[in-house]
>>> print(open('start-v6.pdb').read())   # PDB, C-alpha atoms
ATOM      1  CA  MET A  27      58.692 -21.875 -19.974
ATOM      2  CA  ASN A  28      58.678 -18.287 -18.796
ATOM      3  CA  THR A  29      62.338 -17.394 -18.198
ATOM      4  CA  ALA A  30      61.533 -14.416 -15.975
ATOM      5  CA  GLN A  31      59.474 -16.643 -13.694
ATOM      6  CA  THR A  32      62.168 -19.285 -13.709
ATOM      7  CA  ILE A  33      64.792 -16.882 -12.373
ATOM      8  CA  HIS A  34      62.670 -15.963  -9.372
ATOM      9  CA  CYS A  35      60.963 -19.304  -8.847
ATOM     10  CA  GLU A  36      61.751 -21.079  -5.579
ATOM     11  CA  LEU A  37      61.180 -24.528  -7.082
ATOM     12  CA  CYS A  38      63.435 -23.759 -10.071
ATOM     13  CA  LYS A  39      66.248 -22.714  -7.736
ATOM     14  CA  GLN A  40      65.852 -25.088  -4.791
ATOM     15  CA  SER A  41      64.947 -28.729  -4.241
ATOM     16  CA  GLY A  42      61.956 -27.789  -2.047
ATOM     17  CA  GLY A  43      62.824 -30.460   0.538
ATOM     18  CA  ASN A  44      64.839 -33.580   1.202
ATOM     19  CA  VAL A  45      64.998 -35.427  -2.138
ATOM     20  CA  VAL A  46      63.671 -38.982  -1.772
ATOM     21  CA  TRP A  47      63.557 -40.002  -5.405
ATOM     22  CA  GLU A  48      64.006 -38.398  -8.797
ATOM     23  CA  ASP A  49      64.034 -39.067 -12.496
ATOM     24  CA  PRO A  50      64.703 -36.700 -15.423
ATOM     25  CA  ASP A  51      61.168 -35.239 -15.257
ATOM     26  CA  CYS A  52      60.314 -34.888 -11.593
ATOM     27  CA  ARG A  53      61.459 -35.322  -8.017
ATOM     28  CA  VAL A  54      59.830 -36.449  -4.783
ATOM     29  CA  VAL A  55      60.870 -34.552  -1.668
ATOM     30  CA  LEU A  56      60.095 -34.979   2.019
ATOM     31  CA  VAL A  57      59.051 -31.534   3.192
ATOM     32  CA  ASP A  58      61.530 -30.475   5.852
ATOM     33  CA  GLY A  59      60.275 -26.980   6.651
ATOM     34  CA  PRO A  60      57.727 -25.992   9.304
ATOM     35  CA  GLU A  61      54.897 -27.678   7.339
ATOM     36  CA  GLY A  62      56.866 -30.908   7.189
ATOM     37  CA  ASN A  63      57.469 -30.861  10.913
ATOM     38  CA  ALA A  64      53.770 -30.385  11.590
ATOM     39  CA  PHE A  65      52.783 -33.133   9.140
ATOM     40  CA  PRO A  66      55.124 -36.143   9.294
ATOM     41  CA  GLY A  67      55.543 -37.833   5.928
ATOM     42  CA  PHE A  68      54.387 -34.736   3.993
ATOM     43  CA  CYS A  69      55.916 -35.167   0.525
ATOM     44  CA  ARG A  70      55.882 -33.054  -2.615
ATOM     45  CA  VAL A  71      56.176 -34.288  -6.179
ATOM     46  CA  ILE A  72      57.750 -31.480  -8.204
ATOM     47  CA  TRP A  73      57.881 -31.250 -11.991
ATOM     48  CA  ARG A  74      61.382 -30.266 -13.109
ATOM     49  CA  GLN A  75      60.429 -27.718 -15.777
ATOM     50  CA  HIS A  76      58.732 -24.470 -14.863
ATOM     51  CA  VAL A  77      55.145 -25.175 -15.935
ATOM     52  CA  GLN A  78      52.103 -23.678 -14.220
ATOM     53  CA  GLU A  79      49.160 -26.022 -14.701
ATOM     54  CA  MET A  80      48.614 -29.745 -15.263
ATOM     55  CA  GLY A  81      46.845 -28.758 -18.500
ATOM     56  CA  ASP A  82      50.105 -27.196 -19.739
ATOM     57  CA  LEU A  83      51.809 -30.602 -19.799
ATOM     58  CA  LEU A  84      51.551 -33.078 -22.667
ATOM     59  CA  PRO A  85      49.190 -36.016 -21.957
ATOM     60  CA  ARG A  86      52.119 -38.424 -21.457
ATOM     61  CA  GLN A  87      53.766 -35.960 -19.047
ATOM     62  CA  ARG A  88      50.532 -35.639 -17.049
ATOM     63  CA  GLU A  89      50.315 -39.417 -16.898
ATOM     64  CA  HIS A  90      53.904 -39.631 -15.730
ATOM     65  CA  ILE A  91      53.694 -37.148 -12.857
ATOM     66  CA  MET A  92      50.395 -38.651 -11.671
ATOM     67  CA  LYS A  93      51.970 -42.111 -11.582
ATOM     68  CA  ILE A  94      54.677 -40.693  -9.328
ATOM     69  CA  VAL A  95      52.076 -38.964  -7.149
ATOM     70  CA  PHE A  96      50.145 -42.235  -6.698
ATOM     71  CA  LEU A  97      53.379 -44.102  -6.088
ATOM     72  CA  THR A  98      54.191 -41.634  -3.325
ATOM     73  CA  GLU A  99      50.697 -42.126  -1.884
ATOM     74  CA  MET A 100      51.178 -45.906  -1.882
ATOM     75  CA  ALA A 101      54.615 -45.623  -0.297
ATOM     76  CA  LEU A 102      53.353 -43.345   2.482
ATOM     77  CA  ARG A 103      50.327 -45.547   3.185
ATOM     78  CA  ARG A 104      52.542 -48.612   3.407
ATOM     79  CA  LEU A 105      55.036 -46.885   5.653
ATOM     80  CA  MET A 106      52.803 -44.821   7.932
ATOM     81  CA  ARG A 107      49.272 -46.296   7.773
ATOM     82  CA  PRO A 108      47.551 -42.890   7.857
ATOM     83  CA  ASP A 109      43.760 -42.586   8.159
ATOM     84  CA  LYS A 110      43.584 -40.562   4.939
ATOM     85  CA  ILE A 111      45.746 -39.231   2.138
ATOM     86  CA  ASN A 112      45.326 -35.658   0.889
ATOM     87  CA  LEU A 113      46.483 -34.800  -2.635
ATOM     88  CA  ALA A 114      46.629 -31.219  -3.908
ATOM     89  CA  SER A 115      48.171 -29.164  -6.668
ATOM     90  CA  LEU A 116      47.573 -25.517  -5.780
ATOM     91  CA  GLY A 117      50.589 -23.361  -6.685
ATOM     92  CA  ASN A 118      49.028 -19.994  -5.913
ATOM     93  CA  MET A 119      52.189 -18.846  -4.115
ATOM     94  CA  THR A 120      54.678 -20.782  -6.241
ATOM     95  CA  PRO A 121      53.177 -21.338  -9.703
ATOM     96  CA  HIS A 122      55.638 -24.124 -10.552
ATOM     97  CA  LEU A 123      53.780 -27.415 -10.929
ATOM     98  CA  HIS A 124      53.989 -29.502  -7.748
ATOM     99  CA  TRP A 125      51.745 -31.918  -5.857
ATOM    100  CA  HIS A 126      51.323 -32.144  -2.118
ATOM    101  CA  VAL A 127      50.952 -35.708  -0.818
ATOM    102  CA  ILE A 128      49.963 -35.492   2.838
ATOM    103  CA  PRO A 129      49.300 -38.390   5.227
ATOM    104  CA  ARG A 130      46.485 -37.439   7.617
ATOM    105  CA  TRP A 131      45.347 -38.872  10.948
ATOM    106  CA  GLN A 132      42.100 -38.353  12.788
ATOM    107  CA  ASP A 133      44.028 -36.926  15.745
ATOM    108  CA  ASP A 134      46.306 -34.648  13.710
ATOM    109  CA  SER A 135      46.372 -30.905  14.343
ATOM    110  CA  HIS A 136      43.813 -30.014  11.656
ATOM    111  CA  PHE A 137      41.673 -33.117  10.968
ATOM    112  CA  PRO A 138      39.126 -33.225   9.373
ATOM    113  CA  ALA A 139      39.937 -29.769   7.979
ATOM    114  CA  PRO A 140      42.544 -29.358   5.241
ATOM    115  CA  ILE A 141      46.007 -28.526   6.563
ATOM    116  CA  TRP A 142      45.616 -24.938   5.309
ATOM    117  CA  ALA A 143      42.666 -24.232   7.622
ATOM    118  CA  ALA A 144      43.011 -23.108  11.245
ATOM    119  CA  PRO A 145      44.439 -25.829  13.546
ATOM    120  CA  ARG A 146      42.015 -27.583  15.918
ATOM    121  CA  ARG A 147      44.393 -29.180  18.399
ATOM    122  CA  GLU A 148      48.065 -29.814  19.101
ATOM    123  CA  GLU A 149      49.737 -32.343  16.841
ATOM    124  CA  PRO A 150      50.519 -35.504  18.859
ATOM    125  CA  ARG A 151      54.123 -36.689  18.874
ATOM    126  CA  ARG A 152      54.554 -38.886  15.834
ATOM    127  CA  LEU A 153      57.636 -40.432  14.297
ATOM    128  CA  ARG A 154      58.832 -38.569  11.193
ATOM    129  CA  PRO A 155      59.927 -41.035   8.486
ATOM    130  CA  GLU A 156      63.501 -40.824   7.205
ATOM    131  CA  ARG A 157      64.324 -40.152   3.577
ATOM    132  CA  ASP A 158      65.696 -43.701   3.162
ATOM    133  CA  ALA A 159      62.536 -45.309   4.573
ATOM    134  CA  VAL A 160      60.343 -43.341   2.170
ATOM    135  CA  HIS A 161      62.698 -44.215  -0.691
ATOM    136  CA  ALA A 162      62.529 -47.936   0.169
ATOM    137  CA  ALA A 163      58.718 -47.845   0.398
ATOM    138  CA  MET A 164      58.612 -45.986  -2.930
ATOM    139  CA  THR A 165      60.824 -48.572  -4.593
ATOM    140  CA  ALA A 166      58.521 -51.356  -3.343
ATOM    141  CA  ALA A 167      55.435 -49.453  -4.556
ATOM    142  CA  LEU A 168      57.176 -48.783  -7.881
ATOM    143  CA  VAL A 169      57.868 -52.460  -8.505
ATOM    144  CA  GLU A 170      54.279 -53.301  -7.579
ATOM    145  CA  PHE A 171      52.934 -50.530  -9.807
ATOM    146  CA  PHE A 172      55.012 -51.113 -12.925
ATOM    147  CA  GLY A 173      55.985 -54.754 -12.452
ATOM    148  CA  ALA A 174      59.504 -56.136 -12.393
ATOM    149  CA  ASN A 175      60.421 -54.433 -15.685
ATOM    150  CA  SER A 176      59.782 -50.978 -14.308
ATOM    151  CA  PRO A 177      60.672 -48.265 -16.807
ATOM    152  CA  LEU A 178      61.699 -46.084 -13.888
ATOM    153  CA  VAL A 179      64.915 -46.927 -12.145
ATOM    154  CA  PRO A 180      65.176 -45.279  -8.744
ATOM    155  CA  PRO A 181      68.576 -43.671  -8.045
ATOM    156  CA  LEU A 182      70.906 -45.688  -5.788
TER     157      LEU A 182
ATOM    158  CA  MET B   7      33.308 -51.094  -1.073
ATOM    159  CA  ASN B   8      32.306 -50.659   2.540
ATOM    160  CA  THR B   9      28.508 -51.000   2.621
ATOM    161  CA  ALA B  10      28.135 -49.326   6.009
ATOM    162  CA  GLN B  11      29.981 -46.261   4.722
ATOM    163  CA  THR B  12      27.937 -46.263   1.527
ATOM    164  CA  ILE B  13      24.632 -46.022   3.422
ATOM    165  CA  HIS B  14      25.737 -42.912   5.279
ATOM    166  CA  CYS B  15      27.870 -41.371   2.549
ATOM    167  CA  GLU B  16      26.690 -38.035   1.195
ATOM    168  CA  LEU B  17      28.269 -38.624  -2.217
ATOM    169  CA  CYS B  18      26.701 -42.088  -2.507
ATOM    170  CA  LYS B  19      23.251 -40.648  -1.792
ATOM    171  CA  GLN B  20      23.396 -37.255  -3.521
ATOM    172  CA  SER B  21      24.843 -35.795  -6.702
ATOM    173  CA  GLY B  22      26.974 -33.290  -4.742
ATOM    174  CA  GLY B  23      26.052 -30.415  -7.078
ATOM    175  CA  ASN B  24      24.609 -29.535 -10.455
ATOM    176  CA  VAL B  25      25.615 -32.385 -12.791
ATOM    177  CA  VAL B  26      27.507 -31.039 -15.821
ATOM    178  CA  TRP B  27      28.672 -34.284 -17.347
ATOM    179  CA  GLU B  28      28.745 -37.964 -16.452
ATOM    180  CA  ASP B  29      29.726 -41.370 -17.681
ATOM    181  CA  PRO B  30      29.322 -44.793 -16.044
ATOM    182  CA  ASP B  31      32.354 -44.237 -13.779
ATOM    183  CA  CYS B  32      32.221 -40.644 -12.666
ATOM    184  CA  ARG B  33      30.370 -37.349 -12.771
ATOM    185  CA  VAL B  34      31.367 -33.694 -12.949
ATOM    186  CA  VAL B  35      29.259 -31.308 -10.885
ATOM    187  CA  LEU B  36      29.193 -27.537 -10.538
ATOM    188  CA  VAL B  37      29.238 -26.911  -6.797
ATOM    189  CA  ASP B  38      26.019 -25.073  -5.966
ATOM    190  CA  GLY B  39      26.304 -24.772  -2.201
ATOM    191  CA  PRO B  40      27.909 -21.939  -0.216
ATOM    192  CA  GLU B  41      31.391 -22.918  -1.458
ATOM    193  CA  GLY B  42      30.219 -22.782  -5.058
ATOM    194  CA  ASN B  43      28.743 -19.333  -4.567
ATOM    195  CA  ALA B  44      31.990 -18.052  -3.110
ATOM    196  CA  PHE B  45      34.059 -19.630  -5.896
ATOM    197  CA  PRO B  46      32.406 -19.340  -9.318
ATOM    198  CA  GLY B  47      33.156 -22.280 -11.569
ATOM    199  CA  PHE B  48      34.089 -24.553  -8.630
ATOM    200  CA  CYS B  49      33.569 -28.095  -9.950
ATOM    201  CA  ARG B  50      33.925 -31.530  -8.419
ATOM    202  CA  VAL B  51      34.752 -34.745 -10.223
ATOM    203  CA  ILE B  52      33.183 -37.586  -8.238
ATOM    204  CA  TRP B  53      33.910 -41.297  -8.661
ATOM    205  CA  ARG B  54      30.655 -43.263  -8.722
ATOM    206  CA  GLN B  55      31.707 -46.148  -6.468
ATOM    207  CA  HIS B  56      32.460 -45.609  -2.811
ATOM    208  CA  VAL B  57      36.248 -45.782  -2.787
ATOM    209  CA  GLN B  58      38.428 -43.855  -0.355
ATOM    210  CA  GLU B  59      41.821 -43.236  -1.983
ATOM    211  CA  MET B  60      43.217 -42.886  -5.506
ATOM    212  CA  GLY B  61      45.473 -45.836  -4.648
ATOM    213  CA  ASP B  62      42.361 -47.997  -4.114
ATOM    214  CA  LEU B  63      41.435 -47.700  -7.800
ATOM    215  CA  LEU B  64      42.858 -49.869 -10.556
ATOM    216  CA  PRO B  65      45.496 -48.124 -12.701
ATOM    217  CA  ARG B  66      43.076 -47.730 -15.635
ATOM    218  CA  GLN B  67      40.445 -46.255 -13.286
ATOM    219  CA  ARG B  68      42.974 -43.776 -11.893
ATOM    220  CA  GLU B  69      43.892 -42.797 -15.434
ATOM    221  CA  HIS B  70      40.246 -42.340 -16.329
ATOM    222  CA  ILE B  71      39.276 -40.060 -13.428
ATOM    223  CA  MET B  72      42.421 -37.956 -13.896
ATOM    224  CA  LYS B  73      41.570 -37.464 -17.580
ATOM    225  CA  ILE B  74      38.189 -36.137 -16.509
ATOM    226  CA  VAL B  75      39.803 -33.891 -13.878
ATOM    227  CA  PHE B  76      42.177 -32.410 -16.487
ATOM    228  CA  LEU B  77      39.325 -32.071 -18.972
ATOM    229  CA  THR B  78      37.399 -30.089 -16.355
ATOM    230  CA  GLU B  79      40.479 -27.935 -15.750
ATOM    231  CA  MET B  80      40.766 -27.222 -19.492
ATOM    232  CA  ALA B  81      37.064 -26.448 -19.811
ATOM    233  CA  LEU B  82      37.146 -24.007 -16.870
ATOM    234  CA  ARG B  83      40.287 -22.287 -18.143
ATOM    235  CA  ARG B  84      38.754 -21.872 -21.585
ATOM    236  CA  LEU B  85      35.497 -20.564 -20.172
ATOM    237  CA  MET B  86      36.674 -18.378 -17.297
ATOM    238  CA  ARG B  87      40.356 -17.540 -17.895
ATOM    239  CA  PRO B  88      41.282 -17.802 -14.200
ATOM    240  CA  ASP B  89      44.760 -16.835 -12.955
ATOM    241  CA  LYS B  90      45.295 -20.298 -11.476
ATOM    242  CA  ILE B  91      43.637 -23.686 -11.163
ATOM    243  CA  ASN B  92      43.636 -25.544  -7.836
ATOM    244  CA  LEU B  93      43.201 -29.329  -7.846
ATOM    245  CA  ALA B  94      42.667 -31.307  -4.658
ATOM    246  CA  SER B  95      41.452 -34.688  -3.486
ATOM    247  CA  LEU B  96      41.088 -34.482   0.288
ATOM    248  CA  GLY B  97      38.005 -36.394   1.494
ATOM    249  CA  ASN B  98      38.641 -36.022   5.224
ATOM    250  CA  MET B  99      34.981 -35.172   5.857
ATOM    251  CA  THR B 100      33.501 -37.314   3.069
ATOM    252  CA  PRO B 101      35.868 -40.198   2.324
ATOM    253  CA  HIS B 102      34.291 -40.933  -1.061
ATOM    254  CA  LEU B 103      36.788 -40.246  -3.829
ATOM    255  CA  HIS B 104      36.258 -36.810  -5.369
ATOM    256  CA  TRP B 105      38.401 -34.062  -6.850
ATOM    257  CA  HIS B 106      37.959 -30.336  -6.371
ATOM    258  CA  VAL B 107      38.715 -28.284  -9.509
ATOM    259  CA  ILE B 108      38.739 -24.633  -8.479
ATOM    260  CA  PRO B 109      39.365 -21.608 -10.720
ATOM    261  CA  ARG B 110      41.276 -18.963  -8.765
ATOM    262  CA  TRP B 111      41.866 -15.244  -9.343
ATOM    263  CA  GLN B 112      44.400 -12.942  -7.769
ATOM    264  CA  ASP B 113      41.570 -10.785  -6.405
ATOM    265  CA  ASP B 114      39.447 -13.651  -5.083
ATOM    266  CA  SER B 115      38.492 -13.836  -1.410
ATOM    267  CA  HIS B 116      41.391 -16.102  -0.357
ATOM    268  CA  PHE B 117      44.173 -15.701  -2.934
ATOM    269  CA  PRO B 118      47.014 -16.692  -2.694
ATOM    270  CA  ALA B 119      45.896 -18.894   0.213
ATOM    271  CA  PRO B 120      43.994 -22.130  -0.452
ATOM    272  CA  ILE B 121      40.206 -21.723  -0.272
ATOM    273  CA  TRP B 122      40.177 -23.593   3.052
ATOM    274  CA  ALA B 123      42.290 -20.932   4.797
ATOM    275  CA  ALA B 124      40.872 -17.766   6.360
ATOM    276  CA  PRO B 125      39.524 -15.269   3.784
ATOM    277  CA  ARG B 126      41.598 -12.161   3.064
ATOM    278  CA  ARG B 127      39.056  -9.916   1.359
ATOM    279  CA  GLU B 128      35.533  -9.848  -0.019
ATOM    280  CA  GLU B 129      34.956 -11.802  -3.207
ATOM    281  CA  PRO B 130      34.372  -9.373  -6.117
ATOM    282  CA  ARG B 131      31.163  -9.835  -8.096
ATOM    283  CA  ARG B 132      31.931 -12.373 -10.771
ATOM    284  CA  LEU B 133      29.657 -14.143 -13.247
ATOM    285  CA  ARG B 134      28.894 -17.743 -12.256
ATOM    286  CA  PRO B 135      28.999 -20.040 -15.278
ATOM    287  CA  GLU B 136      25.863 -22.013 -16.122
ATOM    288  CA  ARG B 137      25.808 -25.789 -16.273
ATOM    289  CA  ASP B 138      25.300 -25.712 -20.068
ATOM    290  CA  ALA B 139      28.281 -23.410 -20.635
ATOM    291  CA  VAL B 140      30.570 -25.688 -18.602
ATOM    292  CA  HIS B 141      29.173 -28.719 -20.435
ATOM    293  CA  ALA B 142      29.864 -27.103 -23.830
ATOM    294  CA  ALA B 143      33.418 -26.137 -22.805
ATOM    295  CA  MET B 144      33.957 -29.691 -21.513
ATOM    296  CA  THR B 145      32.761 -31.194 -24.781
ATOM    297  CA  ALA B 146      35.191 -28.979 -26.704
ATOM    298  CA  ALA B 147      38.037 -29.911 -24.335
ATOM    299  CA  LEU B 148      37.069 -33.577 -24.614
ATOM    300  CA  VAL B 149      37.289 -33.557 -28.419
ATOM    301  CA  GLU B 150      40.628 -31.756 -28.229
ATOM    302  CA  PHE B 151      41.902 -34.185 -25.604
ATOM    303  CA  PHE B 152      40.823 -37.461 -27.149
ATOM    304  CA  GLY B 153      40.506 -36.454 -30.802
ATOM    305  CA  ALA B 154      37.405 -36.803 -32.946
ATOM    306  CA  ASN B 155      37.032 -40.488 -32.043
ATOM    307  CA  SER B 156      36.615 -39.755 -28.372
ATOM    308  CA  PRO B 157      35.873 -42.904 -26.405
ATOM    309  CA  LEU B 158      33.739 -40.792 -24.085
ATOM    310  CA  VAL B 159      30.443 -39.530 -25.412
ATOM    311  CA  PRO B 160      29.022 -36.733 -23.288
ATOM    312  CA  PRO B 161      25.303 -37.103 -22.496
ATOM    313  CA  LEU B 162      22.954 -34.931 -24.572
TER     314      LEU B 162
END
>>> encode(input="start-v6.pdb", output="structure tokens")
Amino acid sequence: MNTAQTIHCELCKQSGGNVVWEDPDCRVVLVDGPEGNAFPGFCRVIWRQHVQEMGDLLPRQREHIMKIVFLTEMALRRLMRPDKINLASLGNMTPHLHWHVIPRWQDDSHFPAPIWAAPRREEPRRLRPERDAVHAAMTAALVEFFGANSPLVPPL
Amino acid sequence: MNTAQTIHCELCKQSGGNVVWEDPDCRVVLVDGPEGNAFPGFCRVIWRQHVQEMGDLLPRQREHIMKIVFLTEMALRRLMRPDKINLASLGNMTPHLHWHVIPRWQDDSHFPAPIWAAPRREEPRRLRPERDAVHAAMTAALVEFFGANSPLVPPL
């Protein structure tokens, strides 16, 4: 961990969104900034420690965060039935390991371009999911993923 | 697998780039189109079967493709020493599961924006790695990742 980076790092200091689920290693947040408003259901899975790349994690840590990313994908698909899921770990602006999990629809503002490209149309009005709904869908996906004896207990 | 999609799917019909490495489940290609020229070392990890989302794979298949994605990341970092790695599975245009593994530099054409945003400057002249160099770096990363008894034997 680079302490200097940690002091100035947005994701070391702030949650990065509305926390849906967390464990000692990572948290899932519903993005509540301008990006989140444009893309309903946009979640981020954020590693707790300040680490830059997936390759900087231990193999079991990589496996863990990816399980949470796929769990988030499953939860969002179940809840929102998007046409596509986009997954990305970029971190050029904030080099603190995090994954974007973005439900996409064929009529959304940017489709089929990535959300970082120029918009193509106005986003239609779409219901934004609540934190509790995403949490409940994640818990269901978690039980399906790990079985009844899930090693991960979601917070109450 | 959706047969209709498979017939018209670019990644079912074509390699999608210069094949660096492959096994029965997936292949790693060096992108040799316009995107590849703009971003030296840009690789894709492509699942062989026509599957749309990571959540459509079995857990062991998800684990396998992610190992190959991280192996590609390690190989590119070793070979090119980029400032950042970008990983993304989007598939809005070609909904056949594939991962982008993109070395990024602070002086590249789009940094710190994602490569799909508007460019900010001209790309400096940078050496494009050859297929064989990426293959050799991948083999080294593979041995490091899995140990000497790697279950994955790279093709000769």
>>> calpha_fit_and_write(input="start-v6.pdb", fixed="chain A", moving="chain B", output="compact mmCIF listing (two decimals) with C-alpha atoms, in the coordinates of the input")
# COMPACT_ATOMS: atom_id res chain seq x y z
CA MET B 7 58.61 -21.84 -20.04
CA ASN B 8 58.61 -18.27 -18.82
CA THR B 9 62.27 -17.37 -18.22
CA ALA B 10 61.48 -14.40 -15.99
CA GLN B 11 59.42 -16.63 -13.70
CA THR B 12 62.13 -19.29 -13.72
CA ILE B 13 64.77 -16.87 -12.39
CA HIS B 14 62.66 -15.95 -9.39
CA CYS B 15 60.98 -19.31 -8.85
CA GLU B 16 61.76 -21.06 -5.59
CA LEU B 17 61.19 -24.52 -7.07
CA CYS B 18 63.44 -23.77 -10.06
CA LYS B 19 66.26 -22.70 -7.74
CA GLN B 20 65.86 -25.09 -4.80
CA SER B 21 64.96 -28.73 -4.25
CA GLY B 22 61.97 -27.79 -2.05
CA GLY B 23 62.83 -30.44 0.56
CA ASN B 24 64.83 -33.58 1.21
CA VAL B 25 65.00 -35.42 -2.13
CA VAL B 26 63.66 -38.98 -1.77
CA TRP B 27 63.56 -40.00 -5.40
CA GLU B 28 64.01 -38.39 -8.80
CA ASP B 29 64.05 -39.06 -12.49
CA PRO B 30 64.72 -36.70 -15.41
CA ASP B 31 61.19 -35.24 -15.25
CA CYS B 32 60.34 -34.90 -11.60
CA ARG B 33 61.46 -35.31 -8.02
CA VAL B 34 59.83 -36.44 -4.79
CA VAL B 35 60.87 -34.54 -1.67
CA LEU B 36 60.10 -34.98 2.01
CA VAL B 37 59.04 -31.53 3.19
CA ASP B 38 61.53 -30.48 5.86
CA GLY B 39 60.30 -26.99 6.67
CA PRO B 40 57.74 -25.99 9.31
CA GLU B 41 54.92 -27.67 7.34
CA GLY B 42 56.87 -30.91 7.19
CA ASN B 43 57.47 -30.87 10.92
CA ALA B 44 53.78 -30.38 11.60
CA PHE B 45 52.79 -33.13 9.15
CA PRO B 46 55.12 -36.14 9.29
CA GLY B 47 55.53 -37.84 5.94
CA PHE B 48 54.40 -34.73 4.00
CA CYS B 49 55.91 -35.16 0.52
CA ARG B 50 55.89 -33.05 -2.61
CA VAL B 51 56.17 -34.28 -6.17
CA ILE B 52 57.75 -31.48 -8.21
CA TRP B 53 57.90 -31.26 -12.00
CA ARG B 54 61.40 -30.26 -13.11
CA GLN B 55 60.44 -27.72 -15.77
CA HIS B 56 58.74 -24.47 -14.86
CA VAL B 57 55.17 -25.16 -15.93
CA GLN B 58 52.13 -23.66 -14.23
CA GLU B 59 49.17 -26.02 -14.70
CA MET B 60 48.62 -29.74 -15.26
CA GLY B 61 46.86 -28.76 -18.49
CA ASP B 62 50.12 -27.18 -19.73
CA LEU B 63 51.82 -30.59 -19.81
CA LEU B 64 51.56 -33.06 -22.66
CA PRO B 65 49.21 -36.00 -21.96
CA ARG B 66 52.14 -38.42 -21.46
CA GLN B 67 53.78 -35.95 -19.05
CA ARG B 68 50.55 -35.63 -17.06
CA GLU B 69 50.33 -39.41 -16.90
CA HIS B 70 53.92 -39.64 -15.73
CA ILE B 71 53.70 -37.14 -12.86
CA MET B 72 50.40 -38.65 -11.67
CA LYS B 73 51.99 -42.11 -11.58
CA ILE B 74 54.69 -40.69 -9.32
CA VAL B 75 52.08 -38.96 -7.15
CA PHE B 76 50.15 -42.23 -6.71
CA LEU B 77 53.39 -44.12 -6.09
CA THR B 78 54.20 -41.64 -3.32
CA GLU B 79 50.70 -42.12 -1.90
CA MET B 80 51.18 -45.91 -1.87
CA ALA B 81 54.62 -45.64 -0.30
CA LEU B 82 53.35 -43.35 2.49
CA ARG B 83 50.33 -45.54 3.18
CA ARG B 84 52.53 -48.62 3.40
CA LEU B 85 55.02 -46.90 5.66
CA MET B 86 52.78 -44.83 7.93
CA ARG B 87 49.26 -46.30 7.75
CA PRO B 88 47.55 -42.89 7.86
CA ASP B 89 43.75 -42.59 8.15
CA LYS B 90 43.58 -40.56 4.93
CA ILE B 91 45.75 -39.23 2.14
CA ASN B 92 45.33 -35.65 0.88
CA LEU B 93 46.50 -34.79 -2.64
CA ALA B 94 46.64 -31.22 -3.90
CA SER B 95 48.18 -29.16 -6.67
CA LEU B 96 47.59 -25.51 -5.79
CA GLY B 97 50.61 -23.35 -6.69
CA ASN B 98 49.04 -19.98 -5.89
CA MET B 99 52.20 -18.83 -4.10
CA THR B 100 54.70 -20.76 -6.24
CA PRO B 101 53.20 -21.35 -9.69
CA HIS B 102 55.65 -24.13 -10.55
CA LEU B 103 53.80 -27.41 -10.92
CA HIS B 104 53.99 -29.50 -7.75
CA TRP B 105 51.76 -31.91 -5.86
CA HIS B 106 51.33 -32.14 -2.11
CA VAL B 107 50.95 -35.72 -0.82
CA ILE B 108 49.96 -35.49 2.83
CA PRO B 109 49.30 -38.39 5.22
CA ARG B 110 46.49 -37.44 7.61
CA TRP B 111 45.32 -38.88 10.94
CA GLN B 112 42.08 -38.35 12.78
CA ASP B 113 44.02 -36.94 15.74
CA ASP B 114 46.29 -34.66 13.71
CA SER B 115 46.35 -30.91 14.35
CA HIS B 116 43.80 -30.00 11.65
CA PHE B 117 41.69 -33.11 10.96
CA PRO B 118 39.13 -33.23 9.36
CA ALA B 119 39.94 -29.77 7.98
CA PRO B 120 42.55 -29.36 5.23
CA ILE B 121 46.02 -28.52 6.56
CA TRP B 122 45.63 -24.94 5.30
CA ALA B 123 42.67 -24.24 7.62
CA ALA B 124 43.02 -23.12 11.24
CA PRO B 125 44.42 -25.84 13.54
CA ARG B 126 42.00 -27.58 15.91
CA ARG B 127 44.38 -29.18 18.40
CA GLU B 128 48.04 -29.82 19.10
CA GLU B 129 49.74 -32.35 16.86
CA PRO B 130 50.51 -35.53 18.87
CA ARG B 131 54.12 -36.70 18.88
CA ARG B 132 54.54 -38.88 15.85
CA LEU B 133 57.64 -40.44 14.30
CA ARG B 134 58.85 -38.59 11.20
CA PRO B 135 59.93 -41.03 8.49
CA GLU B 136 63.50 -40.81 7.22
CA ARG B 137 64.34 -40.16 3.60
CA ASP B 138 65.71 -43.72 3.19
CA ALA B 139 62.56 -45.33 4.59
CA VAL B 140 60.35 -43.36 2.18
CA HIS B 141 62.72 -44.21 -0.67
CA ALA B 142 62.55 -47.93 0.17
CA ALA B 143 58.74 -47.85 0.41
CA MET B 144 58.62 -45.99 -2.92
CA THR B 145 60.84 -48.57 -4.59
CA ALA B 146 58.55 -51.35 -3.36
CA ALA B 147 55.46 -49.45 -4.56
CA LEU B 148 57.18 -48.77 -7.88
CA VAL B 149 57.88 -52.46 -8.52
CA GLU B 150 54.30 -53.31 -7.56
CA PHE B 151 52.94 -50.54 -9.78
CA PHE B 152 54.99 -51.13 -12.90
CA GLY B 153 55.96 -54.78 -12.44
CA ALA B 154 59.49 -56.15 -12.37
CA ASN B 155 60.36 -54.44 -15.67
CA SER B 156 59.74 -51.00 -14.28
CA PRO B 157 60.60 -48.31 -16.81
CA LEU B 158 61.65 -46.11 -13.91
CA VAL B 159 64.85 -46.99 -12.12
CA PRO B 160 65.14 -45.25 -8.76
CA PRO B 161 68.56 -43.68 -8.10
CA LEU B 162 70.85 -45.66 -5.78
>>> closest_residue(input="start-v6.pdb", among="B:Phe151, B:Ala143, B:Arg33, B:Glu136", to="chain A", atoms="all atoms listed in the file")
B:Phe151
>>> closest_residue(input="start-v6.pdb", among="B:Leu103, B:Ala142, B:Leu85, B:Leu63", to="Trp27 of chain B", atoms="only C-alpha atoms")
B:Ala142
